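One file, run.tsv, carrying TSV, C-alpha atoms and all ligand atoms:
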```
chain	number	residue	atom	x	y	z
A	1	MET	CA	-4.11	-27.39	7.02
A	2	GLN	CA	-5.11	-29.80	4.30
A	3	ASN	CA	-3.66	-29.06	0.86
A	4	PHE	CA	-1.32	-26.44	2.26
A	5	GLU	CA	1.37	-27.14	-0.32
A	6	GLN	CA	-1.13	-26.87	-3.19
A	7	LEU	CA	-2.61	-23.65	-1.83
A	8	LEU	CA	0.87	-22.15	-1.39
A	9	GLN	CA	1.73	-23.09	-4.95
A	10	LYS	CA	-1.51	-21.52	-6.23
A	11	TYR	CA	-0.81	-18.39	-4.17
A	12	ALA	CA	2.70	-18.10	-5.68
A	13	GLY	CA	1.36	-18.71	-9.17
A	14	PHE	CA	-1.31	-16.04	-8.73
A	15	ILE	CA	1.24	-13.53	-7.34
A	16	VAL	CA	3.53	-14.07	-10.35
A	17	ARG	CA	0.89	-14.38	-13.11
A	18	ILE	CA	-1.72	-11.77	-12.00
A	19	GLY	CA	0.19	-9.73	-9.39
A	20	VAL	CA	3.51	-8.97	-11.10
A	21	ASN	CA	2.49	-10.50	-14.43
A	22	VAL	CA	6.08	-11.40	-15.34
A	23	GLN	CA	6.70	-11.09	-19.09
A	24	PRO	CA	9.11	-13.20	-21.16
A	25	GLY	CA	12.63	-11.72	-21.09
A	26	GLN	CA	12.13	-9.63	-17.94
A	27	THR	CA	14.26	-9.96	-14.83
A	28	LEU	CA	12.17	-10.34	-11.68
A	29	ILE	CA	13.63	-8.60	-8.62
A	30	ILE	CA	12.20	-10.06	-5.41
A	31	SER	CA	12.78	-8.49	-2.02
A	32	ALA	CA	12.00	-10.93	0.77
A	33	PRO	CA	12.79	-11.58	4.41
A	34	LEU	CA	14.61	-14.84	5.15
A	35	ALA	CA	11.39	-16.19	6.65
A	36	ALA	CA	9.69	-15.95	3.24
A	37	ALA	CA	12.25	-18.17	1.50
A	38	PRO	CA	9.82	-21.04	0.69
A	39	LEU	CA	7.34	-18.63	-0.95
A	40	ALA	CA	10.15	-16.71	-2.70
A	41	ARG	CA	11.45	-19.97	-4.21
A	42	LEU	CA	7.99	-20.91	-5.52
A	43	CYS	CA	7.60	-17.41	-7.00
A	44	ALA	CA	11.03	-17.64	-8.63
A	45	ALA	CA	10.18	-21.01	-10.18
A	46	SER	CA	6.83	-19.69	-11.39
A	47	ALA	CA	8.57	-16.61	-12.89
A	48	PHE	CA	11.00	-18.78	-14.87
A	49	ASP	CA	8.02	-20.82	-16.08
A	50	ALA	CA	6.45	-17.54	-17.27
A	51	GLY	CA	9.61	-16.80	-19.29
A	52	ALA	CA	11.63	-14.61	-16.91
A	53	ARG	CA	15.21	-14.03	-18.06
A	54	ASP	CA	16.49	-14.17	-14.49
A	55	VAL	CA	15.32	-13.76	-10.88
A	56	ARG	CA	17.29	-11.75	-8.34
A	57	VAL	CA	16.39	-11.95	-4.64
A	58	ASP	CA	17.32	-9.30	-2.04
A	59	TRP	CA	17.12	-10.96	1.37
A	60	SER	CA	16.44	-9.07	4.59
A	61	ASP	CA	16.06	-10.02	8.22
A	62	ASP	CA	13.98	-8.15	10.82
A	63	ALA	CA	16.33	-9.08	13.66
A	64	LEU	CA	19.36	-7.79	11.78
A	65	THR	CA	17.51	-4.61	10.81
A	66	ARG	CA	16.81	-4.04	14.50
A	67	ILE	CA	20.47	-4.58	15.45
A	68	ARG	CA	21.62	-2.04	12.84
A	69	MET	CA	18.98	0.52	13.87
A	70	GLU	CA	19.88	0.09	17.54
A	71	LYS	CA	23.67	-0.01	17.36
A	72	GLY	CA	24.57	1.72	14.10
A	73	ALA	CA	25.42	5.42	14.06
A	74	GLU	CA	22.66	7.40	12.35
A	75	GLU	CA	25.18	9.06	10.06
A	76	ALA	CA	26.46	5.66	8.85
A	77	LEU	CA	22.94	4.23	8.43
A	78	CYS	CA	21.92	7.24	6.35
A	79	ASP	CA	24.99	6.86	4.11
A	80	VAL	CA	23.56	4.74	1.29
A	81	LYS	CA	26.36	3.91	-1.14
A	82	PRO	CA	25.82	4.72	-4.84
A	83	TYR	CA	26.27	1.09	-5.92
A	84	VAL	CA	23.01	0.18	-4.15
A	85	LEU	CA	21.05	2.44	-6.48
A	86	ARG	CA	23.19	1.39	-9.46
A	87	SER	CA	22.52	-2.29	-8.82
A	88	TYR	CA	18.81	-1.72	-9.44
A	89	LEU	CA	19.19	0.70	-12.32
A	90	ASP	CA	21.57	-1.70	-14.13
A	91	TYR	CA	18.70	-4.18	-14.38
A	92	ALA	CA	16.03	-1.56	-15.06
A	93	GLU	CA	18.00	-0.05	-17.95
A	94	SER	CA	19.04	-3.35	-19.48
A	95	GLU	CA	17.33	-5.08	-22.35
A	96	GLY	CA	14.13	-6.84	-21.29
A	97	GLY	CA	13.83	-4.62	-18.24
A	98	VAL	CA	12.57	-5.58	-14.82
A	99	CYS	CA	9.52	-6.24	-12.73
A	100	VAL	CA	9.48	-6.08	-8.95
A	101	LEU	CA	7.96	-8.20	-6.22
A	102	SER	CA	8.09	-7.47	-2.48
A	103	LEU	CA	7.23	-10.34	-0.18
A	104	LEU	CA	6.36	-9.35	3.38
A	105	ALA	CA	6.61	-11.61	6.41
A	106	SER	CA	7.27	-8.95	8.92
A	107	ASP	CA	7.11	-8.66	12.67
A	108	PRO	CA	4.84	-5.64	13.22
A	109	GLU	CA	6.81	-4.71	16.31
A	110	ALA	CA	10.29	-5.46	14.99
A	111	LEU	CA	11.46	-1.96	15.83
A	112	ALA	CA	9.30	-1.33	18.89
A	113	GLY	CA	10.96	0.74	21.59
A	114	LEU	CA	13.73	2.11	19.36
A	115	ASP	CA	14.26	5.82	18.70
A	116	ALA	CA	11.36	6.42	16.28
A	117	GLY	CA	12.91	9.65	14.99
A	118	LYS	CA	16.13	7.87	14.07
A	119	VAL	CA	14.22	5.04	12.34
A	120	SER	CA	12.17	7.59	10.39
A	121	ARG	CA	15.25	9.56	9.32
A	122	VAL	CA	17.23	6.48	8.29
A	123	ASN	CA	14.31	5.17	6.23
A	124	ALA	CA	13.83	8.59	4.64
A	125	ALA	CA	17.55	8.76	3.74
A	126	ARG	CA	17.34	5.36	2.06
A	127	ARG	CA	14.21	6.34	0.14
A	128	LYS	CA	15.88	9.55	-0.97
A	129	ALA	CA	19.03	7.75	-2.13
A	130	LEU	CA	16.95	5.24	-4.08
A	131	MET	CA	14.51	7.82	-5.51
A	132	PRO	CA	15.54	7.27	-9.17
A	133	TRP	CA	14.81	3.57	-8.69
A	134	ARG	CA	11.61	4.18	-6.67
A	135	SER	CA	10.30	6.33	-9.50
A	136	TYR	CA	10.11	3.16	-11.62
A	137	THR	CA	7.46	1.77	-9.30
A	138	MET	CA	5.86	5.02	-8.06
A	139	ASN	CA	5.26	6.02	-11.71
A	140	ASP	CA	4.22	2.51	-12.81
A	141	ARG	CA	7.07	2.45	-15.32
A	142	VAL	CA	7.46	-1.27	-14.56
A	143	GLN	CA	5.09	-3.90	-13.12
A	144	TRP	CA	5.38	-4.21	-9.34
A	145	SER	CA	3.51	-6.04	-6.64
A	146	ILE	CA	3.47	-6.56	-2.87
A	147	ALA	CA	2.21	-9.76	-1.23
A	148	ALA	CA	2.44	-11.12	2.30
A	149	MET	CA	2.90	-14.34	4.23
A	150	PRO	CA	2.79	-14.96	7.99
A	151	SER	CA	5.79	-14.58	10.25
A	152	PRO	CA	5.49	-16.20	13.70
A	153	ALA	CA	5.72	-12.78	15.37
A	154	TRP	CA	3.03	-11.32	13.12
A	155	ALA	CA	0.73	-14.30	13.70
A	156	LYS	CA	1.22	-14.14	17.49
A	157	LYS	CA	0.46	-10.43	17.44
A	158	LEU	CA	-2.91	-11.20	15.86
A	159	PHE	CA	-3.69	-14.33	17.89
A	160	PRO	CA	-1.78	-14.05	21.19
A	161	ASP	CA	-3.83	-16.85	22.83
A	162	LEU	CA	-2.88	-19.50	20.26
A	163	ALA	CA	0.30	-21.58	20.18
A	164	GLU	CA	2.76	-20.22	17.61
A	165	ASP	CA	2.16	-22.90	14.97
A	166	GLU	CA	-1.63	-22.61	15.35
A	167	ALA	CA	-1.42	-18.83	15.05
A	168	VAL	CA	0.66	-19.12	11.88
A	169	GLU	CA	-1.78	-21.61	10.38
A	170	LYS	CA	-4.75	-19.38	11.22
A	171	LEU	CA	-3.05	-16.39	9.57
A	172	TRP	CA	-2.23	-18.47	6.47
A	173	GLN	CA	-5.92	-19.42	6.29
A	174	LEU	CA	-6.91	-15.75	6.53
A	175	ILE	CA	-4.44	-14.77	3.82
A	176	PHE	CA	-5.65	-17.55	1.52
A	177	ASP	CA	-9.28	-16.52	2.21
A	178	THR	CA	-8.87	-12.78	1.72
A	179	CYS	CA	-6.65	-13.33	-1.34
A	180	ARG	CA	-9.31	-15.62	-2.88
A	181	VAL	CA	-6.95	-18.60	-3.00
A	182	THR	CA	-9.06	-20.95	-0.84
A	183	GLY	CA	-11.59	-21.61	-3.62
A	184	GLY	CA	-8.81	-23.20	-5.68
A	185	ASP	CA	-8.92	-20.85	-8.67
A	186	PRO	CA	-7.37	-17.54	-7.59
A	187	VAL	CA	-6.61	-16.48	-11.17
A	188	GLY	CA	-10.28	-16.84	-12.22
A	189	ALA	CA	-11.65	-15.37	-8.97
A	190	TRP	CA	-9.43	-12.32	-9.38
A	191	GLN	CA	-10.42	-11.73	-12.96
A	192	ALA	CA	-14.10	-11.58	-11.83
A	193	HIS	CA	-13.28	-9.34	-8.84
A	194	LEU	CA	-11.20	-6.98	-10.99
A	195	ASP	CA	-14.08	-6.69	-13.47
A	196	ARG	CA	-16.43	-5.60	-10.64
A	197	LEU	CA	-13.96	-2.97	-9.44
A	198	THR	CA	-13.48	-1.72	-12.99
A	199	VAL	CA	-17.24	-1.08	-13.32
A	200	LEU	CA	-17.20	1.07	-10.14
A	201	GLN	CA	-14.07	2.88	-11.27
A	202	ASP	CA	-15.67	3.70	-14.65
A	203	LYS	CA	-18.84	5.00	-12.93
A	204	MET	CA	-16.74	7.23	-10.66
A	205	ASN	CA	-14.82	8.65	-13.61
A	206	ALA	CA	-18.05	9.30	-15.54
A	207	LEU	CA	-19.29	11.52	-12.64
A	208	ASP	CA	-16.41	13.99	-13.10
A	209	LEU	CA	-16.24	14.77	-9.37
A	210	GLU	CA	-14.73	17.90	-7.87
A	211	SER	CA	-14.74	16.63	-4.25
A	212	VAL	CA	-15.91	13.86	-1.92
A	213	HIS	CA	-17.34	14.43	1.55
A	214	PHE	CA	-16.92	11.85	4.36
A	215	GLU	CA	-19.26	11.82	7.39
A	216	SER	CA	-19.29	9.29	10.23
A	217	SER	CA	-20.85	9.29	13.71
A	218	ASN	CA	-17.33	9.18	15.25
A	219	GLY	CA	-17.02	12.88	14.36
A	220	THR	CA	-15.44	12.59	10.92
A	221	ASP	CA	-16.50	15.48	8.70
A	222	LEU	CA	-13.99	15.77	5.89
A	223	THR	CA	-14.16	17.31	2.44
A	224	VAL	CA	-11.50	16.10	0.04
A	225	GLY	CA	-11.14	18.22	-3.10
A	226	LEU	CA	-9.68	16.28	-6.01
A	227	ALA	CA	-6.55	17.10	-8.01
A	228	ASP	CA	-7.00	18.65	-11.46
A	229	GLY	CA	-7.49	15.84	-13.96
A	230	ALA	CA	-7.91	13.29	-11.13
A	231	VAL	CA	-8.76	9.81	-12.41
A	232	TRP	CA	-10.23	7.05	-10.26
A	233	GLU	CA	-8.21	3.88	-10.42
A	234	SER	CA	-8.79	0.40	-9.09
A	235	ALA	CA	-6.79	-2.74	-8.51
A	236	ALA	CA	-5.19	-3.29	-11.86
A	237	SER	CA	-2.54	-0.84	-13.03
A	238	ARG	CA	-0.73	-0.69	-16.35
A	239	SER	CA	3.02	-0.29	-16.87
A	240	GLU	CA	4.71	2.04	-19.36
A	241	LYS	CA	4.72	-0.87	-21.82
A	242	GLY	CA	0.98	-1.52	-21.29
A	243	VAL	CA	1.34	-4.65	-19.15
A	244	SER	CA	-1.36	-4.94	-16.47
A	245	PHE	CA	-0.41	-5.81	-12.89
A	246	LEU	CA	-1.76	-5.71	-9.32
A	247	PRO	CA	0.38	-3.44	-7.11
A	248	ASN	CA	-1.21	-4.64	-3.88
A	249	ILE	CA	-2.39	-8.12	-2.97
A	250	PRO	CA	-5.16	-8.21	-1.87
A	251	THR	CA	-6.96	-5.11	-3.14
A	252	GLU	CA	-10.53	-3.86	-2.74
A	253	GLU	CA	-10.14	-0.13	-3.33
A	254	VAL	CA	-11.17	2.50	-5.87
A	255	PHE	CA	-8.87	5.47	-5.36
A	256	THR	CA	-7.65	8.78	-6.74
A	257	ALA	CA	-5.52	11.85	-6.00
A	258	PRO	CA	-6.76	14.60	-3.67
A	259	HIS	CA	-5.81	18.20	-4.43
A	260	LYS	CA	-3.02	18.84	-1.93
A	261	ASP	CA	-4.41	22.30	-1.04
A	262	LYS	CA	-8.15	21.53	-1.05
A	263	VAL	CA	-8.78	19.25	1.93
A	264	ASP	CA	-10.75	20.63	4.89
A	265	GLY	CA	-12.28	19.31	8.10
A	266	VAL	CA	-11.52	16.65	10.68
A	267	VAL	CA	-11.08	12.91	10.28
A	268	TYR	CA	-10.83	10.15	12.86
A	269	GLY	CA	-8.81	6.97	12.36
A	270	THR	CA	-10.92	3.81	12.60
A	271	LYS	CA	-8.08	1.27	12.83
A	272	PRO	CA	-4.61	1.53	14.36
A	273	TYR	CA	-2.01	3.10	12.09
A	274	ILE	CA	1.09	0.90	12.24
A	275	HIS	CA	4.31	2.80	11.62
A	276	GLY	CA	7.85	1.48	12.05
A	277	GLY	CA	6.46	-1.45	14.00
A	278	GLN	CA	4.49	0.70	16.44
A	279	ALA	CA	0.74	1.24	16.67
A	280	ILE	CA	-0.68	4.76	16.63
A	281	LYS	CA	-4.16	4.33	18.07
A	282	GLY	CA	-7.23	6.55	18.25
A	283	PHE	CA	-5.78	9.31	16.12
A	284	HIS	CA	-7.38	12.29	14.40
A	285	VAL	CA	-6.10	15.00	12.08
A	286	THR	CA	-7.56	18.38	11.20
A	287	PHE	CA	-7.03	19.91	7.75
A	288	LYS	CA	-7.19	23.51	6.64
A	289	GLY	CA	-6.52	24.40	3.00
A	290	GLY	CA	-5.09	20.91	2.48
A	291	ARG	CA	-2.57	21.13	5.32
A	292	ILE	CA	-2.74	19.20	8.59
A	293	VAL	CA	-2.90	21.99	11.17
A	294	GLU	CA	-3.71	19.89	14.23
A	295	TYR	CA	-3.45	16.23	15.20
A	296	GLY	CA	-3.72	13.94	18.18
A	297	ALA	CA	-3.78	10.27	19.20
A	298	GLU	CA	-4.69	8.24	22.27
A	299	GLU	CA	-1.46	6.26	21.83
A	300	ASN	CA	1.84	7.25	20.19
A	301	ALA	CA	0.81	10.82	19.27
A	302	ALA	CA	4.50	11.85	19.23
A	303	LEU	CA	5.24	9.21	16.60
A	304	LEU	CA	2.40	10.56	14.46
A	305	GLY	CA	4.06	13.97	14.80
A	306	GLU	CA	7.40	12.51	13.60
A	307	VAL	CA	5.69	11.10	10.51
A	308	LEU	CA	3.95	14.39	9.73
A	309	ASP	CA	7.26	16.25	10.14
A	310	THR	CA	9.11	14.07	7.58
A	311	ASP	CA	8.80	16.89	5.02
A	312	GLU	CA	6.24	19.49	3.98
A	313	GLY	CA	4.41	16.99	1.76
A	314	ALA	CA	3.84	14.70	4.75
A	315	ARG	CA	1.44	17.35	6.11
A	316	HIS	CA	-0.76	16.91	3.04
A	317	ILE	CA	-2.43	13.85	1.54
A	318	GLY	CA	-1.74	12.08	-1.75
A	319	GLU	CA	-4.50	9.48	-1.92
A	320	VAL	CA	-8.16	9.04	-1.10
A	321	ALA	CA	-9.56	5.51	-1.43
A	322	LEU	CA	-13.05	4.05	-1.14
A	323	VAL	CA	-13.44	0.53	0.30
A	324	PRO	CA	-16.80	-0.94	1.41
A	325	ALA	CA	-17.23	-2.25	4.97
A	326	SER	CA	-18.20	-5.60	3.42
A	327	SER	CA	-14.69	-6.20	2.07
A	328	PRO	CA	-13.43	-9.71	2.97
A	329	ILE	CA	-10.65	-8.19	5.06
A	330	ASN	CA	-13.06	-6.14	7.15
A	331	ARG	CA	-15.54	-9.04	7.40
A	332	SER	CA	-12.77	-11.24	8.82
A	333	GLY	CA	-12.98	-8.97	11.88
A	334	VAL	CA	-9.20	-9.14	12.23
A	335	ILE	CA	-6.87	-6.18	12.45
A	336	PHE	CA	-3.84	-7.40	10.53
A	337	TYR	CA	-1.36	-4.82	11.85
A	338	ASN	CA	-0.21	-4.65	8.25
A	339	THR	CA	-1.24	-1.85	5.92
A	340	LEU	CA	-1.36	-4.14	2.90
A	341	PHE	CA	-4.40	-5.85	4.41
A	342	ASP	CA	-5.82	-3.21	6.74
A	343	GLU	CA	-6.05	-0.53	4.04
A	344	ASN	CA	-8.33	-2.89	2.13
A	345	ALA	CA	-10.67	-3.18	5.11
A	346	SER	CA	-11.61	0.45	5.06
A	347	CYS	CA	-11.75	3.76	3.25
A	348	HIS	CA	-8.39	5.45	3.67
A	349	ILE	CA	-6.27	8.49	2.97
A	350	ALA	CA	-2.49	8.59	2.64
A	351	PHE	CA	-0.16	11.12	4.25
A	352	GLY	CA	2.44	12.09	1.65
A	353	ALA	CA	3.03	11.44	-2.04
A	354	SER	CA	0.33	10.91	-4.62
A	355	TYR	CA	0.63	8.39	-7.43
A	356	PRO	CA	1.29	10.37	-10.64
A	357	GLY	CA	-0.92	7.89	-12.51
A	358	THR	CA	-3.96	9.16	-10.61
A	359	THR	CA	-4.07	12.35	-12.66
A	360	ARG	CA	-4.68	12.13	-16.41
A	361	GLY	CA	-1.42	11.43	-18.26
A	362	GLY	CA	0.41	12.03	-14.97
A	363	ASN	CA	3.16	9.46	-15.46
A	364	ALA	CA	4.55	11.59	-18.29
A	365	LEU	CA	4.39	14.93	-16.40
A	366	SER	CA	7.27	16.75	-14.69
A	367	GLU	CA	7.30	17.45	-10.95
A	368	GLU	CA	6.31	21.08	-11.59
A	369	GLU	CA	3.42	20.07	-13.84
A	370	LEU	CA	2.18	17.58	-11.24
A	371	LEU	CA	2.38	20.20	-8.47
A	372	ALA	CA	0.42	22.62	-10.61
A	373	ARG	CA	-2.40	20.07	-10.73
A	374	GLY	CA	-2.38	19.78	-6.93
A	375	MET	CA	-0.59	16.42	-6.85
A	376	ASN	CA	1.22	16.04	-3.54
A	377	GLN	CA	4.92	15.18	-3.30
A	378	SER	CA	6.75	13.70	-0.32
A	379	LEU	CA	9.28	11.04	0.63
A	380	ILE	CA	6.50	9.08	2.34
A	381	HIS	CA	3.17	7.52	1.41
A	382	GLU	CA	1.42	6.27	4.56
A	383	ASP	CA	-2.12	4.90	4.38
A	384	VAL	CA	-4.40	5.47	7.36
A	385	MET	CA	-7.84	3.96	7.76
A	386	ILE	CA	-10.84	6.28	8.14
A	387	GLY	CA	-13.89	4.24	7.03
A	388	ALA	CA	-16.50	3.31	9.63
A	389	ALA	CA	-19.57	1.03	9.54
A	390	ASP	CA	-21.83	4.09	9.21
A	391	THR	CA	-19.68	6.18	6.85
A	392	ARG	CA	-21.62	8.23	4.33
A	393	ILE	CA	-19.77	9.57	1.31
A	394	THR	CA	-21.23	12.16	-1.01
A	395	GLY	CA	-19.57	13.26	-4.22
A	396	ARG	CA	-19.92	16.73	-5.70
A	397	THR	CA	-19.65	16.98	-9.47
A	398	ARG	CA	-17.86	19.81	-11.24
A	399	SER	CA	-21.32	21.03	-12.28
A	400	GLY	CA	-22.33	21.32	-8.59
A	401	GLN	CA	-24.54	18.24	-8.21
A	402	ASP	CA	-24.41	16.00	-5.12
A	403	VAL	CA	-24.28	12.24	-5.70
A	404	ALA	CA	-24.57	9.55	-2.99
A	405	LEU	CA	-21.55	7.21	-3.20
A	406	PHE	CA	-21.63	5.35	0.15
A	407	GLU	CA	-24.36	4.83	2.76
A	408	ASN	CA	-23.66	2.90	5.96
A	409	GLY	CA	-20.19	2.00	4.78
A	410	GLU	CA	-21.34	0.48	1.45
A	411	TRP	CA	-21.32	1.49	-2.19
A	412	VAL	CA	-24.70	2.84	-3.35
A	413	LEU	CA	-23.52	4.01	-6.77
A	501	ZN	ZN	-4.93	2.79	-1.21
A	502	ZN	ZN	-1.88	4.11	-0.43
```
Can I see the file as structure tokens?
Ligand code: ZN
Ligand code: ZN
Amino acid sequence: MQNFEQLLQKYAGFIVRIGVNVQPGQTLIISAPLAAAPLARLCAASAFDAGARDVRVDWSDDALTRIRMEKGAEEALCDVKPYVLRSYLDYAESEGGVCVLSLLASDPEALAGLDAGKVSRVNAARRKALMPWRSYTMNDRVQWSIAAMPSPAWAKKLFPDLAEDEAVEKLWQLIFDTCRVTGGDPVGAWQAHLDRLTVLQDKMNALDLESVHFESSNGTDLTVGLADGAVWESAASRSEKGVSFLPNIPTEEVFTAPHKDKVDGVVYGTKPYIHGGQAIKGFHVTFKGGRIVEYGAEENAALLGEVLDTDEGARHIGEVALVPASSPINRSGVIFYNTLFDENASCHIAFGASYPGTTRGGNALSEEELLARGMNQSLIHEDVMIGAADTRITGRTRSGQDVALFENGEWVL
């Protein structure tokens, strides 16, 4: 690829300046696989240029993760030592505070064939142990962002017929295209894109909707009641200190919190749901009074069951998001086998926790207060794609009026 080094530099700069939006005096905590080292280094340099006090990198390795999951005793893997949590909180509570960047370069099938129940339980134990730290990002107390780069295994998964280096280059091109880097001015392109999403978000909030109804010819007929005080959000979020940031790169969605007890009907997945490195294909779930009472899948139905059995909240949903079929990710025609991209190809719902910020003033509310508003709580938040090319979405306002939101997979608002 011509100009690869320049594009990579621009990508890193955009991730740090618009994505995490590192502020002077903050420590940037980067989690990255070893394969992402070149991008992590560029991000670190860019963060120092933006005034970061320090940059800490937590390295991981898919192959090592697999060895531990395969050979480690579940009891030992679930035993997360207190210092792990402390090591994050020490930064978070220190002067200047933190911001957080996760770089992904994962092999979508890194854990394929392993005991899915064990993997689920070990991951849940880690999430639970780190909950006080996770609440910093889940509640938008600090700026956080997730961005991806190709791994050879990921690229080969997408383009099995290409040689490894060609597959990696093709995936880089796709990432640069869908992240608006290719044009050479990602910072400017994103400001314009974010403005468009903000207009849609403001229109949605002005409607004061009580529910949204999804219909597609694949059989989807789903009514999603919204949480009390639900607010529609888009790409840019704001931290406790008022600093804007982009949690997910790329992002095309306008989303809010469902009411955990007011979802009814059936919904069919329109793209594979990748969990723990395995693809759950052709799935559907049926809701009654907000709870998933029936489910099935053409492939890996048992794994879907494991996910839904994580805890009671995993049987309810915590997010509903609207994404037009014309999104650059969907137009690329590629299934990325990576939620970060695939969720931005299509309308989606998430099994599990809601984002407190998607109900008015939610980041300052207690767990009980959030529950009372119908905000779902769970150890997981798993996005699954439900938008089709012919999806129609109709909103119902609190005054009982129906408003067309989507026709044939596109915004009509
Ligand atoms: Zn989403
Ligand atoms: Zn989500």
query = Using only C-alpha atoms and all ligand atoms, which protein or nucleic acid residues are at most 7 Å from ligand ZN 501 (chain A), as a PyMOL selection string?
reply = chain A and resi 253+255+319+321+343+348+383
ask   = What residues have any atom no more than 10 Å from ligand ZN 502 (chain A) when counting all atoms listed in the file, and can you list them as a list in words?
value = Asn248, Glu253, Phe255, Thr256, Ile317, Gly318, Glu319, Val320, Ala321, Thr339, Leu340, Glu343, Asn344, His348, Ile349, Ala350, Phe351, Gly352, Ala353, Ser354, Tyr355, His381, Glu382, Asp383 and Val384 of chain A
Could you save those same residues with C-alpha atoms as a PDB file, in the frame of the given file?
```pdb
ATOM      1  CA  ASN A 248      -1.210  -4.640  -3.880  1.00  0.00           C
ATOM      2  CA  GLU A 253     -10.140  -0.130  -3.330  1.00  0.00           C
ATOM      3  CA  PHE A 255      -8.870   5.470  -5.360  1.00  0.00           C
ATOM      4  CA  THR A 256      -7.650   8.780  -6.740  1.00  0.00           C
ATOM      5  CA  ILE A 317      -2.430  13.850   1.540  1.00  0.00           C
ATOM      6  CA  GLY A 318      -1.740  12.080  -1.750  1.00  0.00           C
ATOM      7  CA  GLU A 319      -4.500   9.480  -1.920  1.00  0.00           C
ATOM      8  CA  VAL A 320      -8.160   9.040  -1.100  1.00  0.00           C
ATOM      9  CA  ALA A 321      -9.560   5.510  -1.430  1.00  0.00           C
ATOM     10  CA  THR A 339      -1.240  -1.850   5.920  1.00  0.00           C
ATOM     11  CA  LEU A 340      -1.360  -4.140   2.900  1.00  0.00           C
ATOM     12  CA  GLU A 343      -6.050  -0.530   4.040  1.00  0.00           C
ATOM     13  CA  ASN A 344      -8.330  -2.890   2.130  1.00  0.00           C
ATOM     14  CA  HIS A 348      -8.390   5.450   3.670  1.00  0.00           C
ATOM     15  CA  ILE A 349      -6.270   8.490   2.970  1.00  0.00           C
ATOM     16  CA  ALA A 350      -2.490   8.590   2.640  1.00  0.00           C
ATOM     17  CA  PHE A 351      -0.160  11.120   4.250  1.00  0.00           C
ATOM     18  CA  GLY A 352       2.440  12.090   1.650  1.00  0.00           C
ATOM     19  CA  ALA A 353       3.030  11.440  -2.040  1.00  0.00           C
ATOM     20  CA  SER A 354       0.330  10.910  -4.620  1.00  0.00           C
ATOM     21  CA  TYR A 355       0.630   8.390  -7.430  1.00  0.00           C
ATOM     22  CA  HIS A 381       3.170   7.520   1.410  1.00  0.00           C
ATOM     23  CA  GLU A 382       1.420   6.270   4.560  1.00  0.00           C
ATOM     24  CA  ASP A 383      -2.120   4.900   4.380  1.00  0.00           C
ATOM     25  CA  VAL A 384      -4.400   5.470   7.360  1.00  0.00           C
TER      26      VAL A 384
END
```
ask   = Taking into account only C-alpha atoms, which residue in the set A:Ala63, A:Val142, A:Ala124, A:Met385 is nearest to Pro33 in chain A?
value =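 Closest candidate: A:Ala63.
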Work out where the centre of an axis-aligned box around every listed atom of range 88-97 of chain A lies and how long its edges are once 6 Å is added on each side; give both in Å to one decimal as AutoDock Vina command-line options.
```
--center_x 17.7 --center_y -3.1 --center_z -15.9 --size_x 19.7 --size_y 19.5 --size_z 24.9
```
query = So how many Å separate CA of Gly387 in chain A and CA of Ser346 in chain A, to one decimal?
reply = 4.8 Å
message = Could you list, as a ChimeraX atom specification, every residue within 12 Å of Asp402 in chain A, counting all atoms listed in the file and ignoring same-chain residues fewer than 6 positions away?
response = /A:207-213,393-396
ask   = What does the distance between CA of Ile29 in chain A and CA of Val55 in chain A come to in Å, to one decimal place?
value =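 Straight-line distance from CA of Ile29 in chain A to CA of Val55 in chain A works out to 5.9 Å.
Closest to Ser332 in chain A among A:Gln173, A:Ser237, A:Asn363, A:Thr397 is A:Gln173, based on all atoms listed in the file.
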inquiry  = Between A:Lys203, A:Lys288, A:Lys71, A:His275, which residue has the minimum interatomic distance to Val403 in chain A, considering only C-alpha atoms?
reply    = A:Lys203
task = Just give me the gap between CA of Asn330 in chain A and CA of Glu215 in chain A in Å, one decimal is fine.
result =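 Result for CA of Asn330 in chain A versus CA of Glu215 in chain A: 19.0 Å, one decimal.
Minimum distance to Leu158 in chain A across A:Ile335, A:Ala325, A:Leu42, A:Ala404 (counting all atoms listed in the file) occurs at A:Ile335.
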message = With distances taken over all atoms listed in the file, which residue among A:Glu252, A:Leu114, A:Gly25, A:Gln377 lies nearest Arg66 in chain A?
response =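 Ranking A:Glu252, A:Leu114, A:Gly25, A:Gln377 by distance to Arg66 in chain A, first place goes to A:Leu114.
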request  = Identify, on the basis of all atoms listed in the file, every residue whose closest approach to Pro24 in chain A does not exceed 9 Å; exclude the query and any residue fewer than 4 positions from it along the same chain; express the result as a PyMOL selection string.
outcome  = chain A and resi 47-48+50-53+96
inquiry  = Which residues are close to Leu103 in chain A, i.e. within 8 Å by all atoms listed in the file, leaving aside same-chain residues fewer than 6 positions away? Reply as a list in words.
reply    =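 Final neighbour list, sorted by chain and number: Ile30, Ser31, Ala32, Pro33, Ala36, Ala40, Ile146, Ala147, Ala148 and Met149 of chain A.
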request  = Could you tell me which of A:Glu75, A:Glu166, A:Glu5, A:Glu240 comes closest to Thr137 in chain A if we count all atoms listed in the file?
outcome  =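 Looking only at the distances to Thr137 in chain A, the closest residue turns out to be A:Glu240.
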key: Ser120 in chain A surroundings by all atoms listed in the file, 8 Å radius, close-in-sequence under 2 positions cut, as number ranges by chain   = A: 116-118, 122-124, 276, 306-307, 310
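Look at Trp232 in chain A: the protein and nucleic acid residues within 8 Å of it, using all atoms listed in the file and passing over chain neighbours fewer than 4 places away, are Gln201, Asp202, Met204, Asn205, Val254, Phe255, Thr256, Ala257 and Thr358 of chain A.
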